[in-house]
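**Q** Below is entry31.cif; it holds mmCIF, C-alpha atoms.
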```
data_coords
loop_
_atom_site.label_atom_id
_atom_site.label_comp_id
_atom_site.auth_asym_id
_atom_site.auth_seq_id
_atom_site.Cartn_x
_atom_site.Cartn_y
_atom_site.Cartn_z
CA MET A 1 -34.68 -184.74 -7.52
CA LYS A 2 -37.31 -186.75 -9.42
CA ASN A 3 -34.73 -189.41 -10.28
CA ALA A 4 -33.63 -189.58 -6.65
CA HIS A 5 -37.23 -190.16 -5.55
CA ARG A 6 -37.65 -192.86 -8.19
CA ASP A 7 -34.41 -194.63 -7.17
CA GLN A 8 -35.38 -194.48 -3.51
CA PHE A 9 -38.77 -195.99 -4.31
CA PHE A 10 -37.39 -198.91 -6.33
CA ARG A 11 -34.78 -199.72 -3.68
CA GLN A 12 -37.66 -200.41 -1.29
CA LEU A 13 -39.11 -203.17 -3.47
CA ASP A 14 -38.75 -206.74 -2.24
CA GLY A 15 -36.63 -208.05 -5.09
CA ALA A 16 -37.10 -208.20 -8.85
CA ALA A 17 -40.13 -210.49 -8.50
CA GLU A 18 -42.23 -207.49 -7.52
CA LEU A 19 -41.81 -206.13 -11.05
CA SER A 20 -41.41 -209.30 -13.13
CA GLY A 21 -44.66 -210.63 -11.64
CA LEU A 22 -46.50 -207.82 -13.40
CA PHE A 23 -45.95 -209.65 -16.69
CA ASP A 24 -48.35 -212.35 -15.51
CA LEU A 25 -51.04 -209.72 -15.98
CA LEU A 26 -50.28 -209.92 -19.72
CA PRO A 27 -50.95 -213.62 -20.38
CA GLU A 28 -50.03 -213.38 -24.07
CA VAL A 29 -46.53 -212.06 -23.30
CA SER A 30 -43.54 -214.23 -22.40
CA PHE A 31 -41.05 -212.33 -20.23
CA PHE A 32 -37.58 -213.49 -19.22
CA VAL A 33 -34.27 -212.28 -17.78
CA LYS A 34 -30.91 -214.01 -18.29
CA ASP A 35 -27.44 -213.30 -16.94
CA ALA A 36 -24.33 -212.90 -19.10
CA ASP A 37 -23.81 -216.69 -19.17
CA GLY A 38 -27.31 -217.27 -20.52
CA ARG A 39 -28.75 -218.58 -17.25
CA PHE A 40 -32.39 -217.71 -16.58
CA MET A 41 -32.80 -215.32 -13.66
CA ALA A 42 -36.52 -214.51 -13.96
CA LEU A 43 -39.50 -215.77 -15.97
CA ASN A 44 -43.22 -215.15 -15.98
CA THR A 45 -45.88 -217.86 -16.26
CA LEU A 46 -45.96 -218.04 -20.06
CA ALA A 47 -42.16 -218.19 -20.27
CA CYS A 48 -42.23 -221.11 -17.82
CA ARG A 49 -44.72 -222.88 -20.07
CA TYR A 50 -42.46 -222.35 -23.08
CA CYS A 51 -39.53 -223.71 -21.09
CA GLY A 52 -41.51 -226.79 -20.11
CA VAL A 53 -41.18 -226.19 -16.37
CA ALA A 54 -43.82 -226.05 -13.68
CA SER A 55 -42.54 -222.91 -11.99
CA GLU A 56 -39.93 -220.18 -12.22
CA ALA A 57 -37.82 -221.93 -9.59
CA ASP A 58 -37.43 -224.93 -11.91
CA ALA A 59 -35.80 -222.79 -14.62
CA ILE A 60 -33.61 -220.46 -12.58
CA GLY A 61 -29.95 -221.17 -13.32
CA LYS A 62 -30.69 -223.20 -16.45
CA THR A 63 -29.84 -222.10 -19.99
CA ASP A 64 -31.61 -222.36 -23.34
CA HIS A 65 -29.53 -225.45 -24.09
CA ASP A 66 -30.91 -227.14 -20.98
CA LEU A 67 -34.49 -226.48 -22.03
CA PHE A 68 -34.81 -226.33 -25.82
CA PRO A 69 -33.67 -228.29 -28.90
CA LYS A 70 -30.07 -227.45 -29.76
CA THR A 71 -30.83 -225.71 -33.05
CA ARG A 72 -33.28 -223.33 -31.42
CA ALA A 73 -31.14 -222.82 -28.34
CA ASP A 74 -28.19 -221.89 -30.59
CA ASP A 75 -30.34 -219.23 -32.28
CA TYR A 76 -31.56 -217.75 -28.99
CA ARG A 77 -28.06 -217.64 -27.52
CA ALA A 78 -26.63 -215.99 -30.64
CA ASP A 79 -29.19 -213.19 -30.34
CA ASP A 80 -28.44 -212.75 -26.62
CA LEU A 81 -24.72 -212.44 -27.32
CA ALA A 82 -25.31 -209.94 -30.13
CA VAL A 83 -27.38 -207.75 -27.80
CA MET A 84 -24.81 -207.91 -24.99
CA ARG A 85 -21.82 -207.26 -27.24
CA SER A 86 -23.40 -204.33 -29.06
CA GLY A 87 -25.15 -202.88 -26.04
CA GLN A 88 -28.10 -202.24 -28.35
CA ALA A 89 -31.63 -203.57 -28.05
CA LEU A 90 -33.06 -206.03 -30.58
CA TYR A 91 -36.61 -205.19 -31.64
CA ASN A 92 -39.30 -207.39 -33.17
CA ARG A 93 -37.13 -210.34 -34.20
CA LEU A 94 -39.25 -213.00 -35.89
CA GLU A 95 -38.17 -216.48 -34.79
CA SER A 96 -39.34 -220.00 -34.02
CA ALA A 97 -41.46 -220.25 -30.89
CA PRO A 98 -39.54 -221.67 -27.90
CA GLU A 99 -41.61 -224.84 -27.92
CA ASP A 100 -41.30 -228.45 -29.00
CA ALA A 101 -38.98 -228.91 -31.98
CA GLY A 102 -41.92 -229.74 -34.25
CA SER A 103 -43.83 -226.55 -33.51
CA PRO A 104 -44.50 -224.37 -36.56
CA ARG A 105 -45.47 -221.34 -34.51
CA LEU A 106 -43.57 -218.07 -34.67
CA VAL A 107 -42.95 -215.40 -32.06
CA ILE A 108 -41.91 -211.78 -32.29
CA THR A 109 -39.17 -211.18 -29.73
CA SER A 110 -37.49 -208.05 -28.40
CA LYS A 111 -34.46 -208.01 -26.10
CA ARG A 112 -32.44 -205.31 -24.39
CA PRO A 113 -29.16 -205.36 -22.47
CA LEU A 114 -29.22 -205.08 -18.69
CA ARG A 115 -26.50 -203.00 -17.06
CA SER A 116 -25.08 -202.93 -13.56
CA ARG A 117 -24.88 -199.74 -11.55
CA ALA A 118 -21.33 -199.40 -12.89
CA GLY A 119 -22.62 -199.51 -16.46
CA ALA A 120 -21.37 -202.99 -17.41
CA VAL A 121 -23.69 -205.25 -19.41
CA ILE A 122 -24.56 -208.17 -17.12
CA GLY A 123 -27.39 -209.86 -19.00
CA ILE A 124 -30.50 -209.34 -21.07
CA ALA A 125 -34.23 -208.92 -20.54
CA GLY A 126 -36.72 -209.84 -23.22
CA CYS A 127 -40.30 -210.52 -24.11
CA SER A 128 -42.05 -212.29 -26.96
CA ARG A 129 -45.54 -212.74 -28.36
CA LEU A 130 -46.94 -215.30 -30.76
CA VAL A 131 -47.42 -213.92 -34.23
CA GLU A 132 -51.15 -214.69 -34.15
CA ASP A 133 -51.50 -212.70 -30.92
CA THR A 134 -50.19 -209.44 -32.33
CA GLN A 135 -51.76 -207.07 -34.82
CA GLU A 136 -48.44 -205.43 -35.65
CA GLN A 137 -46.62 -208.16 -37.49
CA GLY A 138 -47.39 -206.97 -41.02
CA ARG A 139 -47.97 -208.89 -44.23
CA GLY A 140 -44.45 -210.35 -44.36
CA ALA A 141 -44.76 -212.11 -41.01
CA ASN A 142 -48.25 -213.40 -41.81
CA ALA A 143 -47.06 -214.81 -45.13
CA LEU A 144 -44.01 -216.34 -43.49
CA ALA A 145 -46.20 -217.97 -40.84
CA VAL A 146 -48.26 -219.64 -43.60
CA VAL A 147 -45.09 -221.00 -45.22
CA ILE A 148 -43.69 -222.20 -41.87
CA ASP A 149 -46.95 -224.04 -41.16
CA ARG A 150 -46.71 -225.78 -44.54
CA LEU A 151 -43.06 -226.75 -43.95
CA HIS A 152 -43.82 -228.32 -40.60
CA LYS A 153 -46.84 -230.22 -41.92
CA ASP A 154 -45.26 -231.46 -45.15
CA PHE A 155 -41.55 -231.58 -44.25
CA ALA A 156 -41.21 -235.11 -45.68
CA GLU A 157 -42.54 -234.06 -49.09
CA PRO A 158 -40.53 -232.46 -51.92
CA LEU A 159 -40.77 -228.71 -51.21
CA ARG A 160 -39.99 -226.32 -54.06
CA ALA A 161 -39.10 -222.71 -53.32
CA ALA A 162 -41.31 -221.53 -56.19
CA ASP A 163 -44.37 -223.32 -54.77
CA LEU A 164 -43.75 -221.92 -51.29
CA ALA A 165 -43.30 -218.42 -52.71
CA ASP A 166 -46.64 -218.76 -54.53
CA LEU A 167 -48.22 -219.85 -51.25
CA ALA A 168 -46.87 -216.70 -49.61
CA GLY A 169 -47.89 -214.50 -52.53
CA MET A 170 -44.40 -213.17 -53.13
CA SER A 171 -41.30 -213.78 -55.21
CA VAL A 172 -38.76 -216.45 -54.33
CA ALA A 173 -36.16 -213.72 -53.77
CA ARG A 174 -38.37 -211.90 -51.23
CA LEU A 175 -39.21 -215.14 -49.42
CA GLU A 176 -35.52 -215.97 -49.18
CA ARG A 177 -34.80 -212.50 -47.76
CA LEU A 178 -37.50 -212.93 -45.12
CA PHE A 179 -36.08 -216.29 -44.07
CA ARG A 180 -32.55 -214.95 -43.77
CA ARG A 181 -33.72 -211.93 -41.80
CA ALA A 182 -35.91 -213.99 -39.45
CA PHE A 183 -33.80 -217.11 -38.97
CA GLY A 184 -30.32 -216.29 -40.27
CA ALA A 185 -30.70 -219.19 -42.68
CA SER A 186 -31.86 -219.83 -46.22
CA LEU A 187 -35.21 -221.43 -46.97
CA ARG A 188 -33.42 -224.67 -47.85
CA GLN A 189 -31.43 -224.64 -44.61
CA TYR A 190 -34.63 -224.12 -42.61
CA ILE A 191 -36.32 -227.06 -44.35
CA ILE A 192 -33.36 -229.31 -43.53
CA ARG A 193 -33.45 -228.14 -39.92
CA VAL A 194 -37.15 -229.04 -39.62
CA ARG A 195 -36.41 -232.48 -41.08
CA VAL A 196 -33.51 -233.04 -38.70
CA GLU A 197 -35.60 -231.97 -35.70
CA ASN A 198 -38.29 -234.48 -36.66
CA ALA A 199 -35.64 -237.15 -37.19
CA MET A 200 -34.33 -236.47 -33.69
CA ARG A 201 -37.80 -237.08 -32.28
CA MET A 202 -38.23 -240.30 -34.27
CA LEU A 203 -34.83 -241.63 -33.22
CA THR A 204 -35.75 -240.94 -29.59
CA ASP A 205 -39.36 -242.11 -29.56
CA THR A 206 -39.51 -244.97 -32.09
CA ASP A 207 -37.63 -248.11 -33.06
CA GLU A 208 -37.50 -247.19 -36.77
CA SER A 209 -34.12 -247.87 -38.36
CA VAL A 210 -31.89 -244.93 -39.21
CA SER A 211 -32.54 -245.49 -42.92
CA ALA A 212 -36.31 -245.61 -42.44
CA THR A 213 -36.16 -242.50 -40.29
CA ALA A 214 -34.22 -240.68 -42.99
CA GLN A 215 -36.85 -241.52 -45.62
CA SER A 216 -39.75 -240.67 -43.29
CA CYS A 217 -38.26 -237.24 -42.75
CA GLY A 218 -37.68 -236.39 -46.40
CA PHE A 219 -34.06 -237.49 -46.82
CA TYR A 220 -33.69 -239.87 -49.76
CA ASP A 221 -29.89 -240.05 -49.56
CA HIS A 222 -28.53 -241.68 -46.39
CA ALA A 223 -25.17 -239.92 -46.69
CA HIS A 224 -26.89 -236.52 -47.00
CA PHE A 225 -29.02 -237.33 -43.96
CA SER A 226 -25.98 -238.22 -41.87
CA ARG A 227 -24.10 -235.07 -42.90
CA ALA A 228 -27.08 -232.81 -42.22
CA PHE A 229 -27.79 -234.50 -38.87
CA ARG A 230 -24.19 -234.14 -37.72
CA ARG A 231 -24.08 -230.51 -38.80
CA PHE A 232 -27.10 -229.64 -36.65
CA THR A 233 -26.47 -231.89 -33.64
CA GLY A 234 -22.73 -232.61 -33.64
CA GLU A 235 -23.48 -236.35 -33.72
CA THR A 236 -24.33 -239.01 -36.29
CA PRO A 237 -27.90 -240.39 -36.13
CA SER A 238 -26.61 -243.64 -34.62
CA GLU A 239 -24.55 -241.81 -31.98
CA PHE A 240 -27.56 -239.64 -31.11
CA ARG A 241 -29.85 -242.67 -30.68
CA GLU A 242 -27.29 -244.59 -28.62
CA LYS A 243 -26.73 -241.65 -26.28
CA ARG A 244 -30.48 -241.18 -25.76
CA SER A 245 -30.93 -244.91 -25.14
CA LEU A 246 -28.17 -244.94 -22.52
CA ALA A 247 -29.65 -241.86 -20.84
CA ALA A 248 -33.09 -243.47 -20.71
CA ALA A 249 -31.67 -246.73 -19.34
CA SER A 250 -29.90 -244.87 -16.54
CA VAL A 251 -33.13 -243.33 -15.21
CA PRO A 252 -34.29 -245.35 -12.17
CA ARG A 253 -37.66 -247.04 -12.61
CA SER A 254 -40.34 -246.36 -10.02
CA THR A 255 -41.55 -249.34 -8.08
#
```
If you convert what's in this file into structure tokens, what do you get?
**A**
Amino acid sequence: MKNAHRDQFFRQLDGAAELSGLFDLLPEVSFFVKDADGRFMALNTLACRYCGVASEADAIGKTDHDLFPKTRADDYRADDLAVMRSGQALYNRLESAPEDAGSPRLVITSKRPLRSRAGAVIGIAGCSRLVEDTQEQGRGANALAVVIDRLHKDFAEPLRAADLADLAGMSVARLERLFRRAFGASLRQYIIRVRVENAMRMLTDTDESVSATAQSCGFYDHAHFSRAFRRFTGETPSEFREKRSLAAASVPRST
């Protein structure tokens, strides 16, 4: 009987916005809902800010790949698929904040599958908080945040695992385990990703040559830079720049 009363009550609500809007009362929490194809169905104010849109309406129907750098979008989508396929919630996943590619900030994210009345998984709902906004992250997350901040500030410098482990106050082996658990990548792979993300920004926003961009981002071997760039973006640096230039040229200028 209690469940029947509850179901009857919720059926009277004027759409999901009546509930999702409650998350705006928690300004430090990003809340979102996506369908099985990864399209956003609901977002609160902070989630809209992360997505770089002015309002929820601007994000509805778009996917992570429409709104975030490819490397981060790939990570978010992989987690969504894992949750939907397993039917199990994901709790307190430490990951890069859904912000600009150069952001060193981390969020703690939880996601759960959403089911239809027939019991089929039709999407996910999730929420995330910045690491500095939560008191529950523990020493590991705090130490990892310090290392991430260093990587994003000094990505062009030689970065030794031993030095970063000392910075975190832990062994290299433990730091590597934290990186693999949080990002599904080794420390070295994460460093390369940060360098590639910064190279993407330079190739888009500056006229620096590809070779100069490679050196500015910590790649001292042009062939290594090209291989790493293609692995993360699916394009060579030159192809990436040309495509962005053509896209910019096709945008009508205001008069």
**Q** So which residues touch Arg93 (chain A) within 7 Å, counting all atoms listed in the file, skipping near sequence neighbours fewer than 5 positions away, as number ranges by chain?
**A** A: 108-110, 182
**Q** If the PyMOL selection byres ((chain A and resi 70-85) around 9) is run on the structure shown, which residues does it catch, given as a PyMOL selection string?
**A** chain A and resi 34+36+38+63-69+86-90+95-98+101+111-114+121-124+183-184+193+197+232-233
**Q** Could those selected residues go to a file with C-alpha atoms, as an mmCIF file, in the coordinates of the input?
**A**
```cif
data_model
loop_
_atom_site.group_PDB
_atom_site.id
_atom_site.type_symbol
_atom_site.label_atom_id
_atom_site.label_comp_id
_atom_site.auth_asym_id
_atom_site.auth_seq_id
_atom_site.Cartn_x
_atom_site.Cartn_y
_atom_site.Cartn_z
ATOM 1 C CA LYS A 34 -30.910 -214.010 -18.290
ATOM 2 C CA ALA A 36 -24.330 -212.900 -19.100
ATOM 3 C CA GLY A 38 -27.310 -217.270 -20.520
ATOM 4 C CA THR A 63 -29.840 -222.100 -19.990
ATOM 5 C CA ASP A 64 -31.610 -222.360 -23.340
ATOM 6 C CA HIS A 65 -29.530 -225.450 -24.090
ATOM 7 C CA ASP A 66 -30.910 -227.140 -20.980
ATOM 8 C CA LEU A 67 -34.490 -226.480 -22.030
ATOM 9 C CA PHE A 68 -34.810 -226.330 -25.820
ATOM 10 C CA PRO A 69 -33.670 -228.290 -28.900
ATOM 11 C CA SER A 86 -23.400 -204.330 -29.060
ATOM 12 C CA GLY A 87 -25.150 -202.880 -26.040
ATOM 13 C CA GLN A 88 -28.100 -202.240 -28.350
ATOM 14 C CA ALA A 89 -31.630 -203.570 -28.050
ATOM 15 C CA LEU A 90 -33.060 -206.030 -30.580
ATOM 16 C CA GLU A 95 -38.170 -216.480 -34.790
ATOM 17 C CA SER A 96 -39.340 -220.000 -34.020
ATOM 18 C CA ALA A 97 -41.460 -220.250 -30.890
ATOM 19 C CA PRO A 98 -39.540 -221.670 -27.900
ATOM 20 C CA ALA A 101 -38.980 -228.910 -31.980
ATOM 21 C CA LYS A 111 -34.460 -208.010 -26.100
ATOM 22 C CA ARG A 112 -32.440 -205.310 -24.390
ATOM 23 C CA PRO A 113 -29.160 -205.360 -22.470
ATOM 24 C CA LEU A 114 -29.220 -205.080 -18.690
ATOM 25 C CA VAL A 121 -23.690 -205.250 -19.410
ATOM 26 C CA ILE A 122 -24.560 -208.170 -17.120
ATOM 27 C CA GLY A 123 -27.390 -209.860 -19.000
ATOM 28 C CA ILE A 124 -30.500 -209.340 -21.070
ATOM 29 C CA PHE A 183 -33.800 -217.110 -38.970
ATOM 30 C CA GLY A 184 -30.320 -216.290 -40.270
ATOM 31 C CA ARG A 193 -33.450 -228.140 -39.920
ATOM 32 C CA GLU A 197 -35.600 -231.970 -35.700
ATOM 33 C CA PHE A 232 -27.100 -229.640 -36.650
ATOM 34 C CA THR A 233 -26.470 -231.890 -33.640
#
```
**Q** So how many Å separate CA of Glu18 (chain A) and CA of Arg6 (chain A), to one decimal?
**A**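 Atom-to-atom, CA of Glu18 (chain A) to CA of Arg6 (chain A), that is 15.3 Å.
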**Q** What's the 8 Å shell around Ile60 (chain A), counting all atoms listed in the file, without same-chain residues fewer than 5 positions away, as a list in words?
**A**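 After dropping sequence-adjacent residues, the list is Arg39, Phe40, Met41 and Ala42 of chain A.
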**Q** List the neighbours of region 162-176 of chain A out to 6 Å using only C-alpha atoms; skip same-chain residues closer than 2 positions along the sequence, and give me the result as a ChimeraX atom specification.
**A** /A:143,160,178-179,187
**Q** Can you give me, as JSON, numbers by chain, the residues this file yields under the PyMOL selection byres ((chain A and resi 229) around 12)?
**A** {"A": [70, 71, 189, 192, 193, 194, 195, 196, 197, 198, 199, 200, 203, 210, 213, 214, 217, 219, 222, 223, 224, 225, 226, 227, 228, 230, 231, 232, 233, 234, 235, 236, 237, 238, 239, 240, 241]}
**Q** What residues come out when you apply the PyMOL selection byres ((chain A and resi 149) around 12) to this file, written as a PyMOL selection string?
**A** chain A and resi 96+102-106+142-148+150-155+164+167-168+191+194
**Q** So that I have them on file, write out the residues from the current selection with C-alpha atoms, as a JSON list (two decimals), keeping the file's coordinate frame.
**A**
```json
[["chain", "number", "residue", "atom", "x", "y", "z"],
["A", 96, "SER", "CA", -39.34, -220.00, -34.02],
["A", 102, "GLY", "CA", -41.92, -229.74, -34.25],
["A", 103, "SER", "CA", -43.83, -226.55, -33.51],
["A", 104, "PRO", "CA", -44.50, -224.37, -36.56],
["A", 105, "ARG", "CA", -45.47, -221.34, -34.51],
["A", 106, "LEU", "CA", -43.57, -218.07, -34.67],
["A", 142, "ASN", "CA", -48.25, -213.40, -41.81],
["A", 143, "ALA", "CA", -47.06, -214.81, -45.13],
["A", 144, "LEU", "CA", -44.01, -216.34, -43.49],
["A", 145, "ALA", "CA", -46.20, -217.97, -40.84],
["A", 146, "VAL", "CA", -48.26, -219.64, -43.60],
["A", 147, "VAL", "CA", -45.09, -221.00, -45.22],
["A", 148, "ILE", "CA", -43.69, -222.20, -41.87],
["A", 150, "ARG", "CA", -46.71, -225.78, -44.54],
["A", 151, "LEU", "CA", -43.06, -226.75, -43.95],
["A", 152, "HIS", "CA", -43.82, -228.32, -40.60],
["A", 153, "LYS", "CA", -46.84, -230.22, -41.92],
["A", 154, "ASP", "CA", -45.26, -231.46, -45.15],
["A", 155, "PHE", "CA", -41.55, -231.58, -44.25],
["A", 164, "LEU", "CA", -43.75, -221.92, -51.29],
["A", 167, "LEU", "CA", -48.22, -219.85, -51.25],
["A", 168, "ALA", "CA", -46.87, -216.70, -49.61],
["A", 191, "ILE", "CA", -36.32, -227.06, -44.35],
["A", 194, "VAL", "CA", -37.15, -229.04, -39.62]]
```
**Q** Work out how far apart CA of Tyr220 (chain A) and CA of Ala185 (chain A) are and give it in Å to one decimal.
**A** 22.1 Å
**Q** Step by step, gather every atom of region 23-35 of chain A that the file lists, find the box along x, y and z that holds them, add 3 Å on each side, and finally give centre and edge lengths in Å to one decimal, as JSON.
**A**
```
{"center_x": -39.2, "center_y": -211.9, "center_z": -19.8, "size_x": 29.6, "size_y": 10.6, "size_z": 14.6}
```
**Q** One decimal, in Å: what's the spacing between CA of Asn92 (chain A) and CA of Ser128 (chain A)?
**A**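 That distance, rounded to one decimal, is 8.4 Å.
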